[in-house]
>>> print(open('start.txt').read())   # compact mmCIF, C-alpha atoms and all ligand atoms
# COMPACT_ATOMS: atom_id res chain seq x y z
CA MET T 1 21.42 -221.59 -33.85
CA GLY T 2 22.05 -218.13 -32.50
CA ILE T 3 24.60 -215.59 -33.61
CA ILE T 4 28.12 -215.54 -32.15
CA VAL T 5 30.35 -212.46 -32.41
CA GLN T 6 34.07 -213.19 -32.37
CA LYS T 7 36.86 -210.62 -32.17
CA TYR T 8 40.48 -211.22 -33.13
CA GLY T 9 43.09 -208.73 -31.88
CA GLY T 10 46.14 -207.42 -33.71
CA SER T 11 48.53 -210.22 -32.74
CA SER T 12 45.97 -212.83 -33.85
CA VAL T 13 45.97 -211.41 -37.40
CA ALA T 14 49.56 -210.13 -37.49
CA THR T 15 50.67 -212.03 -40.65
CA PRO T 16 49.00 -213.68 -43.66
CA GLU T 17 49.87 -217.01 -41.99
CA ARG T 18 48.05 -216.03 -38.80
CA ILE T 19 45.07 -214.79 -40.83
CA LYS T 20 44.89 -218.18 -42.56
CA GLN T 21 44.89 -219.89 -39.15
CA VAL T 22 42.09 -217.63 -37.93
CA ALA T 23 40.16 -218.40 -41.14
CA SER T 24 40.51 -222.14 -40.42
CA ARG T 25 39.17 -221.67 -36.88
CA ILE T 26 36.21 -219.76 -38.31
CA GLN T 27 35.62 -222.41 -40.96
CA LYS T 28 35.40 -225.06 -38.25
CA ARG T 29 32.76 -223.07 -36.37
CA VAL T 30 30.77 -222.47 -39.57
CA GLU T 31 30.81 -226.23 -40.22
CA GLU T 32 29.50 -226.76 -36.68
CA GLY T 33 26.54 -224.56 -37.62
CA ASP T 34 27.39 -221.22 -35.98
CA SER T 35 26.25 -217.98 -37.55
CA LEU T 36 29.30 -215.75 -37.18
CA VAL T 37 30.06 -212.04 -37.14
CA ILE T 38 33.80 -211.45 -36.88
CA VAL T 39 35.43 -208.22 -35.70
CA VAL T 40 39.12 -207.75 -36.40
CA SER T 41 41.79 -205.29 -35.33
CA ALA T 42 44.52 -203.97 -37.59
CA MET T 43 47.31 -206.43 -38.37
CA GLY T 44 50.03 -206.64 -35.69
CA LYS T 45 51.42 -203.24 -34.76
CA SER T 46 50.12 -201.48 -37.83
CA THR T 47 48.11 -198.88 -35.87
CA ASP T 48 51.34 -197.82 -34.11
CA GLN T 49 53.10 -197.67 -37.47
CA LEU T 50 50.38 -195.46 -38.94
CA ILE T 51 50.67 -193.09 -35.97
CA GLN T 52 54.45 -192.90 -36.49
CA LEU T 53 53.94 -192.26 -40.17
CA ALA T 54 51.76 -189.22 -39.46
CA GLN T 55 54.19 -187.96 -36.83
CA GLU T 56 56.95 -187.87 -39.42
CA ILE T 57 54.99 -184.94 -40.84
CA ASP T 58 53.34 -183.42 -37.76
CA GLN T 59 53.62 -184.25 -34.03
CA THR T 60 50.07 -183.03 -33.43
CA PRO T 61 48.11 -183.89 -36.57
CA SER T 62 44.42 -183.10 -36.95
CA GLU T 63 42.27 -185.63 -35.08
CA ARG T 64 39.93 -185.96 -38.03
CA GLU T 65 42.74 -186.91 -40.39
CA MET T 66 44.24 -189.29 -37.83
CA ASP T 67 40.94 -191.17 -37.73
CA MET T 68 40.91 -191.31 -41.51
CA LEU T 69 44.44 -192.74 -41.42
CA LEU T 70 44.03 -195.20 -38.54
CA ALA T 71 40.78 -196.61 -39.89
CA THR T 72 42.73 -197.96 -42.86
CA GLY T 73 44.50 -200.47 -40.58
CA GLU T 74 41.31 -202.40 -39.90
CA GLN T 75 40.22 -202.07 -43.53
CA VAL T 76 43.29 -204.08 -44.54
CA SER T 77 42.66 -206.88 -42.03
CA ILE T 78 38.93 -207.32 -42.79
CA ALA T 79 39.66 -207.71 -46.50
CA MET T 80 42.56 -210.10 -45.83
CA LEU T 81 40.38 -212.29 -43.61
CA ALA T 82 37.55 -212.32 -46.17
CA ILE T 83 40.06 -213.33 -48.87
CA ALA T 84 41.36 -216.14 -46.62
CA LEU T 85 37.84 -217.41 -45.90
CA ASN T 86 36.80 -217.25 -49.54
CA LYS T 87 39.93 -219.21 -50.44
CA LEU T 88 38.72 -221.96 -48.05
CA GLY T 89 35.35 -221.90 -49.80
CA VAL T 90 33.58 -220.14 -46.91
CA PRO T 91 31.28 -217.32 -48.09
CA ALA T 92 32.41 -214.16 -46.31
CA VAL T 93 31.99 -210.44 -46.78
CA SER T 94 33.96 -207.62 -45.16
CA LEU T 95 32.37 -204.36 -44.01
CA THR T 96 33.96 -201.13 -42.79
CA GLY T 97 32.44 -199.48 -39.71
CA TRP T 98 30.16 -197.26 -41.75
CA GLN T 99 29.10 -200.08 -44.08
CA ALA T 100 28.19 -202.04 -40.96
CA GLY T 101 25.98 -199.14 -39.79
CA ILE T 102 28.06 -198.16 -36.74
CA LEU T 103 27.03 -194.60 -35.90
CA THR T 104 29.24 -192.78 -33.38
CA GLU T 105 29.69 -189.39 -31.77
CA ALA T 106 31.86 -187.00 -33.74
CA ALA T 107 34.60 -187.03 -31.05
CA HIS T 108 37.57 -188.05 -33.18
CA GLY T 109 39.94 -190.50 -31.52
CA ALA T 110 37.57 -191.29 -28.66
CA ALA T 111 34.13 -191.62 -30.22
CA ARG T 112 31.41 -193.56 -28.43
CA ILE T 113 29.02 -195.76 -30.37
CA LEU T 114 25.55 -194.18 -30.48
CA GLU T 115 23.67 -196.86 -32.39
CA ILE T 116 24.15 -199.66 -34.86
CA ASP T 117 21.88 -200.14 -37.83
CA ALA T 118 22.46 -203.86 -38.33
CA LYS T 119 20.32 -204.26 -41.49
CA SER T 120 23.30 -204.80 -43.72
CA ILE T 121 24.96 -207.33 -41.40
CA GLU T 122 21.68 -209.20 -40.95
CA GLY T 123 21.16 -209.27 -44.71
CA TYR T 124 24.56 -210.87 -45.32
CA LEU T 125 24.08 -213.32 -42.44
CA SER T 126 20.73 -214.43 -43.81
CA THR T 127 22.34 -215.39 -47.10
CA GLY T 128 24.86 -217.60 -45.32
CA ASN T 129 27.87 -215.31 -45.14
CA VAL T 130 30.39 -214.87 -42.39
CA VAL T 131 30.28 -211.10 -41.85
CA ILE T 132 33.63 -209.49 -41.05
CA VAL T 133 33.42 -206.02 -39.51
CA ALA T 134 36.28 -203.57 -39.04
CA GLY T 135 36.85 -202.98 -35.34
CA PHE T 136 37.55 -199.62 -33.67
CA GLN T 137 35.78 -197.46 -36.28
CA GLY T 138 32.46 -195.91 -37.14
CA VAL T 139 30.92 -192.90 -38.78
CA SER T 140 29.55 -189.74 -37.22
CA GLU T 141 26.23 -188.13 -38.10
CA ASN T 142 28.00 -185.69 -40.41
CA GLY T 143 29.65 -188.54 -42.30
CA GLY T 144 33.15 -188.28 -40.79
CA ILE T 145 35.11 -191.47 -40.13
CA THR T 146 35.73 -191.88 -36.41
CA THR T 147 37.70 -194.23 -34.16
CA LEU T 148 36.77 -195.38 -30.68
CA GLY T 149 40.15 -195.03 -28.91
CA ARG T 150 43.07 -197.46 -28.68
CA GLY T 151 41.98 -201.03 -28.08
CA GLY T 152 38.44 -200.12 -29.19
CA SER T 153 37.80 -203.20 -31.34
CA ASP T 154 36.68 -205.03 -28.19
CA THR T 155 33.93 -202.44 -27.84
CA THR T 156 32.89 -202.82 -31.48
CA ALA T 157 32.53 -206.56 -30.90
CA VAL T 158 30.49 -206.34 -27.71
CA ALA T 159 28.29 -203.54 -29.12
CA LEU T 160 27.58 -205.68 -32.19
CA ALA T 161 26.80 -208.68 -29.99
CA ALA T 162 24.34 -206.53 -28.01
CA THR T 163 22.65 -205.19 -31.15
CA LEU T 164 22.41 -208.57 -32.85
CA GLN T 165 21.29 -210.20 -29.58
CA ALA T 166 24.11 -212.68 -30.05
CA ASP T 167 24.43 -215.62 -27.68
CA ARG T 168 27.93 -214.54 -26.74
CA CYS T 169 30.87 -212.35 -27.65
CA GLU T 170 34.17 -214.21 -27.88
CA ILE T 171 37.32 -212.08 -27.65
CA TYR T 172 40.41 -213.88 -28.95
CA THR T 173 43.83 -212.53 -28.06
CA ASP T 174 47.40 -213.58 -27.27
CA VAL T 175 46.66 -214.84 -23.73
CA ASP T 176 44.27 -217.69 -22.98
CA GLY T 177 42.04 -215.77 -20.58
CA ILE T 178 41.87 -213.12 -17.90
CA TYR T 179 44.41 -213.64 -15.16
CA THR T 180 44.67 -212.38 -11.57
CA THR T 181 47.18 -209.89 -12.98
CA ASP T 182 49.08 -209.42 -16.26
CA PRO T 183 50.68 -212.86 -16.81
CA ARG T 184 53.54 -211.15 -18.64
CA VAL T 185 54.47 -209.33 -15.43
CA VAL T 186 53.77 -212.02 -12.82
CA THR T 187 54.43 -215.53 -14.13
CA SER T 188 52.52 -217.12 -11.23
CA ALA T 189 49.33 -215.21 -12.19
CA ARG T 190 46.32 -217.51 -12.17
CA LYS T 191 43.71 -217.77 -14.92
CA LEU T 192 40.19 -216.97 -13.74
CA GLU T 193 37.30 -219.15 -14.76
CA HIS T 194 34.79 -216.33 -14.29
CA ILE T 195 34.90 -212.67 -13.41
CA SER T 196 32.00 -210.28 -12.81
CA TYR T 197 31.40 -207.29 -15.10
CA ASP T 198 32.00 -204.93 -12.16
CA GLU T 199 35.35 -206.44 -11.23
CA MET T 200 36.49 -206.59 -14.86
CA LEU T 201 35.33 -203.03 -15.43
CA GLU T 202 37.47 -201.81 -12.52
CA LEU T 203 40.47 -203.89 -13.66
CA ALA T 204 40.16 -202.62 -17.24
CA ASN T 205 39.75 -199.00 -16.13
CA LEU T 206 42.74 -199.35 -13.84
CA GLY T 207 45.05 -200.50 -16.60
CA ALA T 208 44.51 -204.23 -17.28
CA GLY T 209 44.81 -203.90 -21.06
CA VAL T 210 43.22 -207.23 -21.87
CA LEU T 211 39.77 -205.66 -22.47
CA HIS T 212 38.78 -202.15 -23.54
CA PRO T 213 36.84 -200.76 -20.51
CA ARG T 214 33.90 -199.64 -22.66
CA SER T 215 33.44 -203.19 -23.98
CA VAL T 216 32.89 -204.40 -20.42
CA GLU T 217 30.53 -201.49 -19.73
CA CYS T 218 28.54 -202.39 -22.82
CA GLY T 219 28.54 -206.10 -21.90
CA LYS T 220 27.15 -205.26 -18.47
CA LEU T 221 24.55 -202.86 -19.79
CA PHE T 222 23.13 -205.30 -22.33
CA GLY T 223 23.92 -208.57 -20.51
CA VAL T 224 26.28 -209.90 -23.18
CA PRO T 225 28.41 -212.78 -21.86
CA ILE T 226 32.04 -212.12 -22.90
CA LEU T 227 34.41 -215.05 -23.28
CA VAL T 228 38.11 -214.13 -23.41
CA GLY T 229 40.41 -216.77 -24.87
CA SER T 230 43.42 -217.41 -27.05
CA SER T 231 43.46 -217.58 -30.83
CA PHE T 232 46.78 -219.44 -30.59
CA VAL T 233 45.90 -222.38 -28.34
CA ASP T 234 42.70 -224.27 -27.61
CA GLU T 235 42.26 -223.65 -23.90
CA VAL T 236 39.13 -222.82 -21.93
CA GLY T 237 39.05 -219.04 -21.50
CA THR T 238 37.51 -216.71 -18.92
CA LEU T 239 33.83 -215.81 -18.87
CA VAL T 240 32.88 -212.24 -17.93
CA THR T 241 29.28 -212.21 -16.68
CA GLU T 242 27.10 -210.95 -13.87
CA GLY T 243 28.32 -211.68 -10.31
CA ILE T 244 29.07 -215.43 -10.61
CA GLN T 245 32.43 -214.88 -8.95
CA MET T 246 30.96 -214.01 -5.58
CA ILE T 247 28.91 -217.17 -5.43
CA ILE T 248 31.67 -219.51 -6.51
CA GLU T 249 34.56 -218.04 -4.56
CA SER T 250 32.96 -216.05 -1.78
CA ASP T 251 36.06 -216.27 0.44
CA ARG T 252 38.21 -214.63 -2.17
CA PHE T 253 38.03 -210.89 -1.65
CA VAL T 254 40.71 -209.70 -4.10
CA ALA T 255 39.98 -210.85 -7.66
CA GLY T 256 42.88 -209.22 -9.44
CA ILE T 257 45.57 -206.57 -9.62
CA ALA T 258 46.00 -203.92 -12.29
CA ALA T 259 48.74 -201.41 -12.98
CA ASP T 260 48.87 -198.23 -15.03
CA ASP T 261 52.44 -197.06 -15.40
CA GLU T 262 51.92 -193.74 -17.14
CA VAL T 263 50.80 -191.47 -14.35
CA ALA T 264 51.81 -187.92 -13.44
CA ARG T 265 50.85 -185.85 -10.41
CA ILE T 266 50.22 -182.12 -10.32
CA THR T 267 50.04 -180.04 -7.18
CA VAL T 268 48.55 -176.55 -7.20
CA GLU T 269 49.50 -174.68 -4.04
CA GLY T 270 48.05 -171.57 -2.49
CA LEU T 271 44.61 -171.62 -4.07
CA PRO T 272 42.11 -169.20 -2.55
CA ASN T 273 39.59 -170.82 -0.22
CA VAL T 274 36.43 -169.85 -2.05
CA VAL T 275 33.62 -172.21 -2.92
CA THR T 276 34.12 -171.93 -6.67
CA THR T 277 37.86 -172.74 -6.73
CA LEU T 278 37.60 -176.46 -7.41
CA SER T 279 34.83 -176.18 -9.94
CA THR T 280 36.69 -173.46 -11.86
CA LEU T 281 39.95 -175.41 -11.87
CA PHE T 282 38.53 -178.73 -12.98
CA LYS T 283 36.15 -177.16 -15.48
CA LEU T 284 39.18 -175.62 -17.18
CA LEU T 285 40.83 -179.01 -17.43
CA ALA T 286 37.66 -180.67 -18.66
CA GLU T 287 37.29 -178.05 -21.39
CA SER T 288 40.77 -179.02 -22.58
CA HIS T 289 39.70 -182.71 -22.60
CA ILE T 290 42.10 -183.58 -19.77
CA ASN T 291 41.00 -186.61 -17.82
CA VAL T 292 41.71 -186.19 -14.10
CA ASP T 293 41.94 -189.25 -11.90
CA ILE T 294 42.72 -189.13 -8.15
CA ILE T 295 42.10 -185.75 -6.48
CA ILE T 296 43.24 -184.75 -2.99
CA THR T 297 42.62 -181.35 -1.45
CA ASN T 298 44.09 -179.95 1.78
CA LEU T 299 43.39 -176.82 3.72
CA ILE T 300 46.65 -174.92 4.40
CA ASP T 301 45.22 -172.09 6.46
CA SER T 302 41.88 -170.33 6.65
CA ASP T 303 42.54 -168.55 3.33
CA HIS T 304 44.41 -171.09 1.23
CA SER T 305 44.32 -174.70 0.15
CA THR T 306 46.36 -177.11 -1.97
CA VAL T 307 45.03 -179.49 -4.60
CA SER T 308 46.89 -182.52 -5.92
CA PHE T 309 45.60 -184.66 -8.75
CA THR T 310 46.81 -187.32 -11.13
CA ILE T 311 46.52 -187.40 -14.91
CA ALA T 312 47.83 -189.60 -17.71
CA GLU T 313 51.49 -188.70 -18.21
CA LYS T 314 50.86 -187.95 -21.89
CA ASP T 315 48.63 -185.03 -20.80
CA LEU T 316 51.26 -183.46 -18.51
CA ALA T 317 52.57 -180.73 -20.84
CA LYS T 318 49.06 -179.75 -21.90
CA THR T 319 47.81 -179.62 -18.28
CA LEU T 320 50.72 -177.48 -17.12
CA SER T 321 50.22 -175.10 -19.99
CA VAL T 322 46.46 -174.74 -19.32
CA LEU T 323 47.13 -174.01 -15.64
CA GLU T 324 50.02 -171.62 -16.26
CA LYS T 325 47.90 -169.66 -18.72
CA GLN T 326 45.17 -169.29 -16.10
CA LYS T 327 47.46 -168.57 -13.16
CA GLU T 328 46.01 -165.12 -12.67
CA SER T 329 42.38 -166.07 -12.93
CA LEU T 330 42.84 -169.12 -10.69
CA ASN T 331 44.96 -167.00 -8.35
CA PHE T 332 47.23 -169.81 -7.10
CA GLU T 333 50.79 -169.42 -5.79
CA THR T 334 52.85 -172.32 -7.16
CA LEU T 335 52.55 -175.30 -9.46
CA HIS T 336 54.53 -178.54 -9.00
CA PHE T 337 54.52 -181.77 -10.95
CA GLU T 338 55.97 -185.23 -10.63
CA GLU T 339 56.29 -187.64 -13.53
CA GLY T 340 57.38 -191.27 -13.63
CA LEU T 341 54.58 -192.48 -11.39
CA ALA T 342 52.34 -195.52 -11.56
CA LYS T 343 49.02 -196.56 -10.12
CA VAL T 344 48.72 -200.06 -8.71
CA SER T 345 45.26 -201.25 -7.73
CA ILE T 346 43.61 -204.26 -6.15
CA VAL T 347 40.06 -205.12 -7.22
CA GLY T 348 37.48 -207.49 -5.78
CA SER T 349 33.77 -207.39 -5.03
CA GLY T 350 34.40 -209.38 -1.84
CA MET T 351 36.11 -206.29 -0.39
CA ILE T 352 32.69 -204.84 0.38
CA SER T 353 32.34 -207.29 3.25
CA HIS T 354 35.96 -207.55 4.43
CA TYR T 355 37.72 -205.10 6.70
CA GLY T 356 41.48 -204.57 6.88
CA VAL T 357 42.11 -204.96 3.15
CA ALA T 358 43.58 -201.46 2.78
CA ALA T 359 45.77 -201.96 5.86
CA GLN T 360 47.08 -205.21 4.42
CA MET T 361 47.78 -203.59 1.05
CA PHE T 362 49.69 -200.67 2.62
CA GLU T 363 51.67 -203.08 4.82
CA LEU T 364 52.64 -205.24 1.82
CA LEU T 365 53.90 -202.17 -0.03
CA SER T 366 55.64 -200.40 2.84
CA SER T 367 57.42 -203.54 4.03
CA GLY T 368 58.89 -203.71 0.52
CA GLY T 369 60.20 -200.16 0.88
CA ILE T 370 57.60 -198.78 -1.54
CA GLU T 371 56.39 -195.29 -0.69
CA ILE T 372 52.66 -194.69 -1.21
CA LYS T 373 52.11 -191.20 -2.58
CA MET T 374 48.34 -191.17 -3.01
CA VAL T 375 45.40 -193.47 -2.34
CA SER T 376 41.90 -193.70 -3.71
CA THR T 377 39.19 -196.23 -2.98
CA SER T 378 35.80 -197.36 -4.16
CA GLU T 379 33.61 -200.15 -2.80
CA ILE T 380 35.48 -202.77 -4.78
CA LYS T 381 38.96 -201.34 -5.37
CA ILE T 382 41.91 -199.67 -3.69
CA SER T 383 44.42 -197.74 -5.81
CA THR T 384 47.82 -196.50 -4.72
CA VAL T 385 50.13 -194.15 -6.56
CA ILE T 386 53.81 -195.11 -6.32
CA ALA T 387 57.07 -194.48 -8.19
CA ARG T 388 57.07 -196.25 -11.55
CA GLU T 389 60.34 -198.02 -10.81
CA HIS T 390 58.55 -200.06 -8.11
CA VAL T 391 55.62 -201.17 -10.20
CA GLU T 392 56.62 -204.76 -10.93
CA LYS T 393 57.77 -205.34 -7.38
CA ALA T 394 54.52 -203.89 -6.03
CA VAL T 395 52.33 -206.07 -8.26
CA GLN T 396 54.36 -209.14 -7.32
CA ARG T 397 54.21 -208.44 -3.58
CA LEU T 398 50.46 -207.82 -3.67
CA HIS T 399 49.85 -210.90 -5.80
CA GLU T 400 51.74 -213.03 -3.33
CA GLY T 401 50.43 -211.27 -0.22
CA PHE T 402 46.78 -211.68 -1.22
CA HIS T 403 47.40 -215.33 -2.19
CA LEU T 404 46.33 -214.96 -5.80
CA GLU T 405 48.68 -217.62 -7.21
P1 LIG P 1 44.71 -207.63 -28.53
O1 LIG P 1 45.67 -207.04 -29.50
O2 LIG P 1 44.35 -209.04 -28.86
O3 LIG P 1 43.51 -206.78 -28.28
P2 LIG P 1 45.91 -206.71 -26.05
O4 LIG P 1 47.39 -206.51 -26.10
O5 LIG P 1 45.04 -205.52 -26.14
O6 LIG P 1 45.53 -207.79 -27.16
O7 LIG P 1 45.51 -207.50 -24.71
C1 LIG P 1 46.15 -208.68 -24.34
C2 LIG P 1 47.26 -208.38 -23.33
O8 LIG P 1 46.69 -207.91 -22.12
C3 LIG P 1 48.06 -209.59 -22.90
O9 LIG P 1 49.11 -209.83 -23.77
C4 LIG P 1 48.51 -209.22 -21.48
O10 LIG P 1 49.87 -208.84 -21.44
C5 LIG P 1 47.67 -208.00 -21.11
N1 LIG P 1 47.02 -208.12 -19.80
C6 LIG P 1 47.02 -207.13 -18.84
N2 LIG P 1 46.39 -207.53 -17.75
C7 LIG P 1 45.94 -208.79 -17.98
C8 LIG P 1 45.19 -209.73 -17.20
N3 LIG P 1 44.76 -209.45 -15.96
N4 LIG P 1 44.92 -210.94 -17.78
C9 LIG P 1 45.35 -211.23 -19.02
N5 LIG P 1 46.06 -210.38 -19.78
C10 LIG P 1 46.36 -209.17 -19.30
N1 LIG P 2 43.90 -201.22 -33.97
C1 LIG P 2 43.46 -200.43 -32.84
C2 LIG P 2 44.59 -200.29 -31.82
O1 LIG P 2 45.68 -200.79 -32.04
C3 LIG P 2 42.21 -200.96 -32.22
C4 LIG P 2 42.33 -202.30 -31.54
O2 LIG P 2 43.32 -203.02 -31.71
O3 LIG P 2 41.41 -202.67 -30.82
O4 LIG P 2 44.38 -199.65 -30.82
MG MG P 3 43.19 -205.13 -27.03
>>> encode(input="start.txt", output="structure tokens", more="lines below")
Ligand code: ADP
Ligand code: ASP
Ligand code: MG
Amino acid sequence: MGIIVQKYGGSSVATPERIKQVASRIQKRVEEGDSLVIVVSAMGKSTDQLIQLAQEIDQTPSEREMDMLLATGEQVSIAMLAIALNKLGVPAVSLTGWQAGILTEAAHGAARILEIDAKSIEGYLSTGNVVIVAGFQGVSENGGITTLGRGGSDTTAVALAATLQADRCEIYTDVDGIYTTDPRVVTSARKLEHISYDEMLELANLGAGVLHPRSVECGKLFGVPILVGSSFVDEVGTLVTEGIQMIIESDRFVAGIAADDEVARITVEGLPNVVTTLSTLFKLLAESHINVDIIITNLIDSDHSTVSFTIAEKDLAKTLSVLEKQKESLNFETLHFEEGLAKVSIVGSGMISHYGVAAQMFELLSSGGIEIKMVSTSEIKISTVIAREHVEKAVQRLHEGFHLE
């Protein structure tokens, strides 16, 4: 039988009781003959608690030391799960990211996996062990402990599945699959049987927190089928694979809705109309590791233009400070910002062949009294920026209006 990689998220291993339940599920699969590699997240909210702990000393601690601190969360849960499996008589061994051979970039807090040397995992598997690997962490070439970014255990799991040529990567969480939108926001959200990598990648990038975007990217790149299901109930989950959705439900052009409710907008007015303006401005932001999302530029007169762009709200203070510091070199007139915004997006590969989808989306929002402040589109998604206070209403109206129930 082939290898299966399973990942259990924080809520699935939140207490010793939950860890024992996960161990029983694993035991059952071992008895059925599966060869298992298990990736776990830190227990419950312990990553948040570790961040708070550091912030009691320093609001902006060193990124290297934060990785050192946060990596301990997953080290606790891998050992706890190994102890629980051993107690059931199942041979199991826990490995930290570096013990598992996960080599990453040195970018602390947002490191990408470069390669995985799976010798150690394969060795333990060949002697009949369940191998438990710490999610979300790795080691850089210079030996520093790194983390992959919040929610990154999904990516560890899919990357391991790709390296080990596993039959499948199973992601177990606190919902029983991927829904048309967050089922905690819209109770009539519908569970999807399948979703394509491209659709899921858009949804994840646009704020559907159920999968780490890079895990979907990795799944698509290496053709790893990803099954998302619940560790709490035995229900059939959702399979993320290549393009099945379009064949099975070709009349359905919106697959899902995602929302990101931590958006801020910056407007730089009176920029000189020279060819290098945009490149200079955005290069400055990139050098400060500020991720810019939607960009709109307008010509004011023959000499001046205005640029508006969105960023994650957490980056607002840093962005304003970078721009203020460079006011003279950028030679702009005024700087405005707006916080408390959200981005609500519809995603679906069927949009490529349907017209009028944007018009319908705008109508659904405006008839609900929701002002659209910015829009961006790709072949398979339309995003709108609105006031955060309208986010739930917007998602609900779109969900209903596009008949996703
Ligand atoms: P874990 O700790 O297991 O990684 P997460 O909290 O990261 O779990 O992801 C699961 C959560 O994702 C769910 O509780 C749900 O609220 C949220 N979510 C957002 N969008 C969706 C969606 N389209 N389908 C299912 N869950 C979603
Ligand atoms: N423990 C990390 C976090 O809370 C990684 C993960 O859960 O995937 O973000
Ligand atoms: Mg997660």
>>> closest_residue(input="start.txt", among="T:Ala394, T:Val76, T:Val210, T:Val40", to="ligand MG 3 (chain P)", atoms="only C-alpha atoms and all ligand atoms")
T:Val210
>>> closest_atom_pairs(input="start.txt", of="chain T", to="ligand LIG 1 (chain P)", cutoff="10 Å", atoms="only C-alpha atoms and all ligand atoms", output="Markdown table")
| residue | atom | partner | partner_atom | distance |
| --- | --- | --- | --- | --- |
| T:Lys7 | CA | P:LIG1 | O2 | 8.3 |
| T:Tyr8 | CA | P:LIG1 | O2 | 6.2 |
| T:Gly9 | CA | P:LIG1 | O2 | 3.3 |
| T:Gly10 | CA | P:LIG1 | O1 | 4.3 |
| T:Ser11 | CA | P:LIG1 | O1 | 5.4 |
| T:Ser12 | CA | P:LIG1 | O2 | 6.5 |
| T:Val13 | CA | P:LIG1 | O2 | 9.0 |
| T:Ala14 | CA | P:LIG1 | O1 | 9.4 |
| T:Val40 | CA | P:LIG1 | O2 | 9.3 |
| T:Ser41 | CA | P:LIG1 | O1 | 7.2 |
| T:Ala42 | CA | P:LIG1 | O1 | 8.7 |
| T:Met43 | CA | P:LIG1 | O1 | 9.0 |
| T:Gly44 | CA | P:LIG1 | O1 | 7.6 |
| T:Lys45 | CA | P:LIG1 | O1 | 8.7 |
| T:Arg150 | CA | P:LIG1 | O5 | 8.7 |
| T:Gly151 | CA | P:LIG1 | O5 | 5.8 |
| T:Gly152 | CA | P:LIG1 | O3 | 8.4 |
| T:Ser153 | CA | P:LIG1 | O3 | 7.4 |
| T:Asp154 | CA | P:LIG1 | O3 | 7.1 |
| T:Ile171 | CA | P:LIG1 | O2 | 7.8 |
| T:Tyr172 | CA | P:LIG1 | O2 | 6.2 |
| T:Thr173 | CA | P:LIG1 | O2 | 3.6 |
| T:Asp174 | CA | P:LIG1 | O9 | 5.4 |
| T:Val175 | CA | P:LIG1 | C3 | 5.5 |
| T:Asp176 | CA | P:LIG1 | C9 | 7.7 |
| T:Gly177 | CA | P:LIG1 | C9 | 5.8 |
| T:Ile178 | CA | P:LIG1 | N4 | 3.8 |
| T:Tyr179 | CA | P:LIG1 | N4 | 3.8 |
| T:Thr180 | CA | P:LIG1 | N3 | 5.3 |
| T:Thr181 | CA | P:LIG1 | N3 | 3.9 |
| T:Asp182 | CA | P:LIG1 | N2 | 3.6 |
| T:Pro183 | CA | P:LIG1 | C9 | 6.0 |
| T:Arg184 | CA | P:LIG1 | O10 | 5.2 |
| T:Val185 | CA | P:LIG1 | O10 | 7.6 |
| T:Val186 | CA | P:LIG1 | N3 | 9.9 |
| T:Ala189 | CA | P:LIG1 | N3 | 8.3 |
| T:Arg190 | CA | P:LIG1 | N4 | 8.8 |
| T:Lys191 | CA | P:LIG1 | N4 | 7.5 |
| T:Leu192 | CA | P:LIG1 | N4 | 8.7 |
| T:Met200 | CA | P:LIG1 | N3 | 8.8 |
| T:Leu203 | CA | P:LIG1 | N3 | 7.4 |
| T:Ala204 | CA | P:LIG1 | N2 | 7.9 |
| T:Leu206 | CA | P:LIG1 | N2 | 9.8 |
| T:Gly207 | CA | P:LIG1 | N2 | 7.2 |
| T:Ala208 | CA | P:LIG1 | N2 | 3.8 |
| T:Gly209 | CA | P:LIG1 | C6 | 4.5 |
| T:Val210 | CA | P:LIG1 | O8 | 3.5 |
| T:Leu211 | CA | P:LIG1 | O5 | 6.4 |
| T:His212 | CA | P:LIG1 | O5 | 7.6 |
| T:Val228 | CA | P:LIG1 | C9 | 8.9 |
| T:Gly229 | CA | P:LIG1 | C9 | 9.5 |
| T:Ser230 | CA | P:LIG1 | O2 | 8.6 |
| T:Ser231 | CA | P:LIG1 | O2 | 8.8 |
| T:Thr238 | CA | P:LIG1 | N4 | 9.5 |
| T:Ala255 | CA | P:LIG1 | N3 | 9.7 |
| T:Gly256 | CA | P:LIG1 | N3 | 6.8 |
| T:Ile257 | CA | P:LIG1 | N3 | 7.0 |
| T:Ala258 | CA | P:LIG1 | N2 | 6.6 |
| T:Ala259 | CA | P:LIG1 | N2 | 8.1 |
| T:Asp260 | CA | P:LIG1 | C6 | 9.9 |
>>> closest_residue(input="start.txt", among="T:Leu88, T:Leu50, T:Val139, T:Ile83", to="Lys28 of chain T", atoms="all atoms listed in the file")
T:Leu88
>>> closest_residue(input="start.txt", among="T:His194, T:Lys220, T:His354, T:Lys20", to="Glu379 of chain T", atoms="all atoms listed in the file")
T:His354
>>> residues_around(input="start.txt", residues="Asn273 of chain T", least_positions_apart="5", cutoff="12 Å", atoms="only C-alpha atoms", output="PyMOL selection string")
chain T and resi 278+297-307+330-332
>>> closest_residue(input="start.txt", among="T:Thr15, T:Gln99, T:Gln75, T:Ser120", to="Leu164 of chain T", atoms="only C-alpha atoms")
T:Ser120
>>> atom_distance(input="start.txt", atom1="atom CA of Ser35 of chain T", atom2="atom CA of Glu242 of chain T")
24.7 Å
>>> atom_distance(input="start.txt", atom1="atom CA of Ile102 of chain T", atom2="atom CA of Glu115 of chain T")
6.3 Å
>>> closest_residue(input="start.txt", among="T:Leu341, T:Arg112, T:Ala79, T:Gly123", to="Arg214 of chain T", atoms="only C-alpha atoms")
T:Arg112
>>> residues_near_point(input="start.txt", point="(57.8, -192.6, -5.4)", cutoff="8 Å", atoms="all atoms listed in the file", output="ChimeraX atom specification")
/T:341,370-373,385-388,390
